[in-house]
2 protein chains.
Amino acid sequence: MFARIRRLLLGKPLPTARQMHERLPKFLALPVFASDAVSSVAYATEEILLTLMVIGSAAWGVSLPIAGAIAILIAIVATSYRQTIFAYPSGGGSYTVAKENLGTIYGLIAAASLLTDYTLTVSVSVAAGVAAIISLDPGLAQHVTAMGVLAVLFVAFINLRGVRESGALFAPPTYVFVATLCTLIVVGLMKVFSGHVTPVVADPAGWAKGFAESEGHHFGGIQTVGMFLILRAFASGCSALTGIEAIANGIPAFRPPESKNAATTMTWMAAILAVLVLGITYLAHAYHVFPAEHETVISQLARTVFGRGWFWYTIQIATAAILILAANTAFQDFPRLAYILAGDRFAPRQLANRGDKLAFSNGILMLALVAALLIVIFHGDTTRLIPLYAVGVFVSFTLSQFGMGVRQTNARHKGWRARAGLSFFGGSVTCVVALVIAVTKFIHGAFIVILVIPFLVWVFYRIHGHYIELGKKLRLTEEEFEEPEPVMSTSIVLVSSIHKGILPALQYARSLSDDCRALYIEVDDIESTMLKERWPKFGLDIPLVILESPYRTITDQLLRYVDEAKKDRPNHTITVVLPEFVVGKWWHKMLHNQSSLLIKLAMMTRRDIVVTNVRYFVDE
Amino acid sequence: MFARIRRLLLGKPLPTARQMHERLPKFLALPVFASDAVSSVAYATEEILLTLMVIGSAAWGVSLPIAGAIAILIAIVATSYRQTIFAYPSGGGSYTVAKENLGTIYGLIAAASLLTDYTLTVSVSVAAGVAAIISLDPGLAQHVTAMGVLAVLFVAFINLRGVRESGALFAPPTYVFVATLCTLIVVGLMKVFSGHVTPVVADPAGWAKGFAESEGHHFGGIQTVGMFLILRAFASGCSALTGIEAIANGIPAFRPPESKNAATTMTWMAAILAVLVLGITYLAHAYHVFPAEHETVISQLARTVFGRGWFWYTIQIATAAILILAANTAFQDFPRLAYILAGDRFAPRQLANRGDKLAFSNGILMLALVAALLIVIFHGDTTRLIPLYAVGVFVSFTLSQFGMGVRQTNARHKGWRARAGLSFFGGSVTCVVALVIAVTKFIHGAFIVILVIPFLVWVFYRIHGHYIELGKKLRLTEEEFEEPEPVMSTSIVLVSSIHKGILPALQYARSLSDDCRALYIEVDDIESTMLKERWPKFGLDIPLVILESPYRTITDQLLRYVDEAKKDRPNHTITVVLPEFVVGKWWHKMLHNQSSLLIKLAMMTRRDIVVTNVRYFVDE
C-alpha cells in the first residue's frame, strides 16, 4: 500500500540506464540552472535601498554606482568560471577544483560554504517569492511562514519526481520573468526619457520600516559611516551573484558537447543578470522608489509604469514563481554536491543513493527540512535572512578561482599567464567581497555562517575518519585470509505454551542443529504443569527445559540461559528461535505481546548469537 | 542503561512469590480503598450549592434534605454491598456479580461503566485537589491544567512502584483529612450553638460565577423548575458515592480473614462519609457559604471558623493531598478490573501482565494517559467534569445489586427473602438515581458516558471474538496431530561486496543447508565485476548469483528471486541471511544503510521464509 502511494506521487520509477536521457538542452538548462541567479534581481535592488534608506533621498544616487560595481563583479566571475567549465567538464564545481589544486581542506571549506549557501538560497528565494505574493494582497502577510514552508515542500516534491520534468516545469516562469522585467525596464526608460515620470505614491509604513531598520542598526550619522554604509549596501546587493556558479557544478546535465553548451548558457545568464540589476536599480532611482513594508520595489515600479492592471499581476506572479522555483537550482545542486562528498566518503553514504526517479532523494529531503526550519526560525523575512547569505558563496568563488589559477600555472598551457592572471584577479576580487560581507554583516547574522562552515568541515573529517577506519577493519586480503572453520550450531526455541504456532519453529530449530532444545520460562506454574504433561506428545522429540522466573521477566532469564549455553560451547553459533504467529488485521496485532522485539534488542550486544523469528500464519 | 533507569525509578523488582505479602491490614486498607469515596466530600457539597445558586439564599434550606437523602443512599448501598463482600470473597465486584447472575452482557456493561468511572475519578479528584491548592493562592489558577497532569503522572508513578508502598504513603493524608474535617465540623457546630456565627465574607466573583452558571443552564424561574433543579442538585451530590464499591472489588488485598476485614472497613467508610457530607452541608447552611470562583466551600468554612492560620493551611493541604491521592483508588481498581477482563479474554492480554513490582503496569499507564487527556480537554475544571461522573458508577451499583438479588433468590439460603429484598431495594434505588443523573445531566456531558459505555461493550466483544477464534485455530489435539515432515532448508546470503563482515553470514548460511548460495543485486557494475573476480578466493565455495536491478532497488529483486526459489522448492523453508556489521557509536550507526529492516518488512507476508541477521562486530 505504501508502495502504491509512492508510485502515485512520484510516477513510474526510472531505470538506471535512462540516466543519459535526462540531459537538458540549453533552452531548458538555462531556466533550471539560472533561475537562482536571475531571480535574485527581485530582491538585490531592494536590499541595497533598504540599507541606504538611512541617508534619505541621497540613497538613489549612491545605489547606481553600487549596481554598476555589482554588474562588473558579475562579468569578472562569469568570465573566470567559463574557464572552469572547460577545465572540468564532469562538473563538481568549487569543491572539486579547490580539492584538486589547493588541497582537501580547501575543497571541504568550499563544499561546506556551498551547502550552507544552497540551503539559504532555498530559504531566501522562497521568502522573497512569498513577499511578491503578499505585495498583491497585504492581507496574506499573517500566513507568511506557512506559505514559505509549503513552497519549500512543493519544490522538494517536484525534485523528487526527477530532473527532466523540472526543466519543463521551470522554463515558463523564468522566461516570463525575464521578458516582463525587460519590458518593464524598456517602457520605464522610455517614459523617463520622454519626461513622463510619475513619482511613486509612497507608503508611509514603508518609510517607517526603513527608518526602524536603520535605527536598529545604530548608525551615528551620515558623514561618519558613509563608507561602511556603502560597503554594507554593496554586500547586500552581492546576493545577486549567488547561484552564478550553478552551471559549473551541473555540466553533466547538459546535452553534448556539454562544456560548450554550459559556457554559452553561462554567458547568457550573466548578461541577463547584469542588465536586470542595472535596469531595475536605475528605474528605482528615476521613479524614487523605496522599499515598503508589504510591497516590493518591483511591484511599486510595475504599478507605477503600467498601473494596477494585468501586467502588474503578471509581473508579480512571474516574480513569485521564479523565486519559489529558484529554490529549485539549490535542489539540483545540494544533493549533487552531497553525492560527490558521499562518494569521497566525507558525507553519509545514504546521500549517494539515487531514488526511484534517479534523483538523490535523501539529499533533497535533508535540504527541504533545513530550509523549512530556517523559514520558521526567521519568520520568512527576507531581510533577516540576507545577512547570512552570500558569505558562503563568495568563499567558494574565491577558493575555486585560486584553485584554477594554481592549476593553470602548473599546467603552463599556451596563454597560461593571461588565464591564470584572470583567475587570480577574479579570486582576489571575490575574496575582498567575502571579507566585506563578513565584516559589514557580521553582527546581523553572518557570524552564524562563519561558525557553521568550520563545524561542517569538522563533521566531514569525522565521517571520513569513520569510513576509512571501518574500511581498513573490514578489508579482506589474500595474505591474511584463511578458510574459516565450519560453524557448529546450537538452537534454542522459546515456547510459551503448546499450540500450532510453535510447530514451524520447532521444525526449523531441529533442522538447524541436533543440539536443539525447547525452553519454557515459567511465569505461570499451571501452564508449566500442562506443558510438561503434553510435551512428550507434541514436542517433536526436542528436549524441554523449564526455567523459573521469579521476577516474571522472560528476557533476563533467556539471556542468562543463552550465556551459559555459550560458555559450554564457545565455538558454537547459538540460534534463538522465536515462534511468532501472524494475524491479519492491524487491531489483532495490537492484542498480542510484542516481546520478540525486546528480546532482539536485549541480544544485540551478544556475539555469535542469532535471533530468528519463525512465523506461523493464522488463516482468517 | 534503560534497565538501570527503570531500576532507579521503580526500585528492586519483586518476585511473584511475594504477592501474598503485599496484603494490607485494615488501618492501611481504609485509606487506600476509601480515599476516593471520603475525599468526594471535598466537592459534593460544593456541587450541590453550585446547582442551587440560582434560587439564591433559599439554596441552603434545600441543600440540607438533599444531603440527608445522600446519607440515606450511602447507608443503603453500603449495607447492600456488605452482602456482596461475603458472597464474593475473591473480589471482582460488579463485573463478576452481574456476569455470574445476570449474564455476560450485564457484566460487561458493569465493567464498561466502572472503567469509565475510574478514569473520571482520577480526573475529577485531581481537578478538585488542584482547586484546593488554588484556594490557598489564586495566582496559581493559570497553571491549573499543568498541575493536574503532573498530579496524574505522580500518582501513576507511585502505583508503578507497587501496592504496599502506596498504603503507607496514602494513610497520613486520609487520616489527617478526616480528623481535620471532623474538628472543623465539631468546632463549627459549637460556635453555631453558642451563637458565635460570623457570616462568611462573600467573594463577589464567586457569586458572579454562580449566576453565570445558572444562566448558562437556561432556567426559566424558580417555581416552574423547582423539582428538576432539586433533582439536578441531588445528582451532583451523588458524586459522593463514587468509590464506595472499591472495597468489594479489592477484597484479595486485605489480610485474612479477608471478607470480615473488608466488611468492617466498608462500614467505617460509609459512616465517615455520611457524617462528613451531612456536617459540611450543615455548616455551609449555618455559615451562609456559597461556592466562589477561586476558593472552595471547605476553604471558606475553615477560614471563617479558624481564621487564616495554620489550621486553614493544614485542612487545605490535607484536602489537596487526599484528593490527588484519591485518584489512587482508581489506580488500584482500574488495572485490577482490566486484569480480570483480560483473563476472561475481553481485554488485550497485555493488561494481564504484572510488572517488575507486581503492579499491572499497562493498565496503570493506560489509565494515566486517558485521565490526563480528560484534564487537558476540560481545562481541569471540576464543575465541567462532574456531569460525566457518577452515571457509570450508579449503573454498576444497580447491576451488582440486582445480580446479588438473583443469586440470593436462586440459592434460597436461610433468610434469603430479607436479603434478596435488600438487594432488590438497593438496586431499584440506585437505578432511579442513575436515571435521575442521566436525565438531569444529559446535555451537560452525561451523554458522552452514555455513548461510551455501549461502545466499550462492543469493543470487549470484538476482542473476545478474536481470542476465541485464534485459540480454536491454534489448538493442537491428539487426534489431528501428526508428526510433521522434517524441514528442508535452502539458504540465500545477500552480499553487497567482499569484506570481513560477510564471512560470519556465509559460514552461517552454509551451516543451514547444502542448498546455499550468495546473491549480489547489481546496483553498480564496477562492484559487480570486482565481486566476480574475487569471489572464487573469498566466497567459501558458495555459488554466487548476480542479478541486475535496473531500478536500483534491492528489496524488489530479492523478493522476486526468493519467490522463484520457493516455486522450485515448494517444501523447503528458505532462510534469507543478511550480513550486518555492528559499529560502536550511535552516530556511526547513522552512517550506514538500515536496509535490513526494509527487507524484513517486505518479507513479512511471505510464508516459509525466515529472514535472519548475522552480525559481525567491528572492534573499535
# chains A, B, ... in the order shown; residues from 1 in each chain; ligands from 1
>>> interface_residues(of="chain A", to="chain B", cutoff="6 Å", atoms="only C-alpha atoms", output="number ranges by chain")
A: 15-16, 348, 474-476, 499-500, 512, 550-551, 591, 612
>>> residues_around(residues="Ile375 in chain B", least_positions_apart="6", cutoff="12 Å", atoms="only C-alpha atoms", output="list in words")
Thr119, Leu120, Thr121, Val122, Ser123, Val124, Ser125, Val126, Ala127, Ala128, Val130, Val144, Thr145, Ala146, Met147, Gly148, Val149, Leu150, Ala151, Val152, Leu153, Ala368, Leu369, Asp381, Thr382, Thr383, Arg384 and Leu385 of chain B
>>> residues_around(residues="Ala59 in chain A", least_positions_apart="3", cutoff="12 Å", atoms="only C-alpha atoms", output="ChimeraX atom specification")
/A:45-56,62-66,210,222,226,229-230,233,281-282,284-286,288-291
>>> residues_around(residues="Thr267 in chain A", least_positions_apart="4", cutoff="10 Å", atoms="only C-alpha atoms", output="PyMOL selection string")
chain A and resi 75+78-79+81-82+262-263+271-273
>>> closest_residue(among="A:Ala37, A:Val97, A:Ile298, A:Ile74", to="Gln408 in chain A", atoms="only C-alpha atoms")
A:Val97
>>> atom_distance(atom1="CA of Phe378 in chain A", atom2="CA of Gly445 in chain A")
11.1 Å
>>> residues_around(residues="range 100-115 of chain A", least_positions_apart="4", cutoff="8 Å", atoms="only C-alpha atoms", output="VMD selection string")
chain A and resid 94 to 96 119 334 337 391 to 393 395 to 396 399 to 400 402 to 404 406 to 407 453 to 454 456 to 457 460
>>> atom_distance(atom1="CA of Leu241 in chain B", atom2="CA of Val277 in chain B")
10.5 Å
>>> residues_around(residues="Thr265 in chain B", least_positions_apart="6", cutoff="8 Å", atoms="only C-alpha atoms", output="mmCIF file with C-alpha atoms, in the first residue's frame")
data_model
loop_
_atom_site.group_PDB
_atom_site.id
_atom_site.type_symbol
_atom_site.label_atom_id
_atom_site.label_comp_id
_atom_site.auth_asym_id
_atom_site.auth_seq_id
_atom_site.Cartn_x
_atom_site.Cartn_y
_atom_site.Cartn_z
ATOM 1 C CA LYS B 26 -7.370 -2.705 57.906
ATOM 2 C CA ALA B 29 -6.672 -0.678 53.611
ATOM 3 C CA LEU B 30 -9.074 2.031 54.713
ATOM 4 C CA ILE B 247 -13.594 -2.343 48.790
#
>>> residues_around(residues="Phe177 in chain A", least_positions_apart="2", cutoff="9 Å", atoms="only C-alpha atoms", output="list in words")
Ser39, Pro172, Pro173, Thr174, Tyr175, Ala179, Thr180, Leu181, Cys182, Thr314, Ile315, Gln316, Ile317, Ala318, Thr319, Ala321 and Ile322 of chain A
>>> write_last_selection(atoms="C-alpha atoms", output="compact mmCIF listing (two decimals), in the first residue's frame")
# COMPACT_ATOMS: atom_id res chain seq x y z
CA SER A 39 15.64 35.67 -9.63
CA PRO A 172 7.91 29.23 -18.40
CA PRO A 173 8.20 31.26 -15.16
CA THR A 174 11.85 32.08 -15.81
CA TYR A 175 11.24 33.22 -19.37
CA ALA A 179 10.59 39.04 -20.60
CA THR A 180 8.29 41.07 -18.33
CA LEU A 181 11.19 42.67 -16.44
CA CYS A 182 12.85 43.62 -19.73
CA THR A 314 1.73 39.04 -14.47
CA ILE A 315 5.00 40.52 -13.24
CA GLN A 316 4.17 39.75 -9.61
CA ILE A 317 3.12 36.19 -10.28
CA ALA A 318 6.13 35.58 -12.53
CA THR A 319 8.39 37.01 -9.80
CA ALA A 321 7.03 31.79 -9.45
CA ILE A 322 10.67 32.27 -10.46
>>> atom_distance(atom1="CA of Phe157 in chain B", atom2="CA of Ser361 in chain B")
9.7 Å
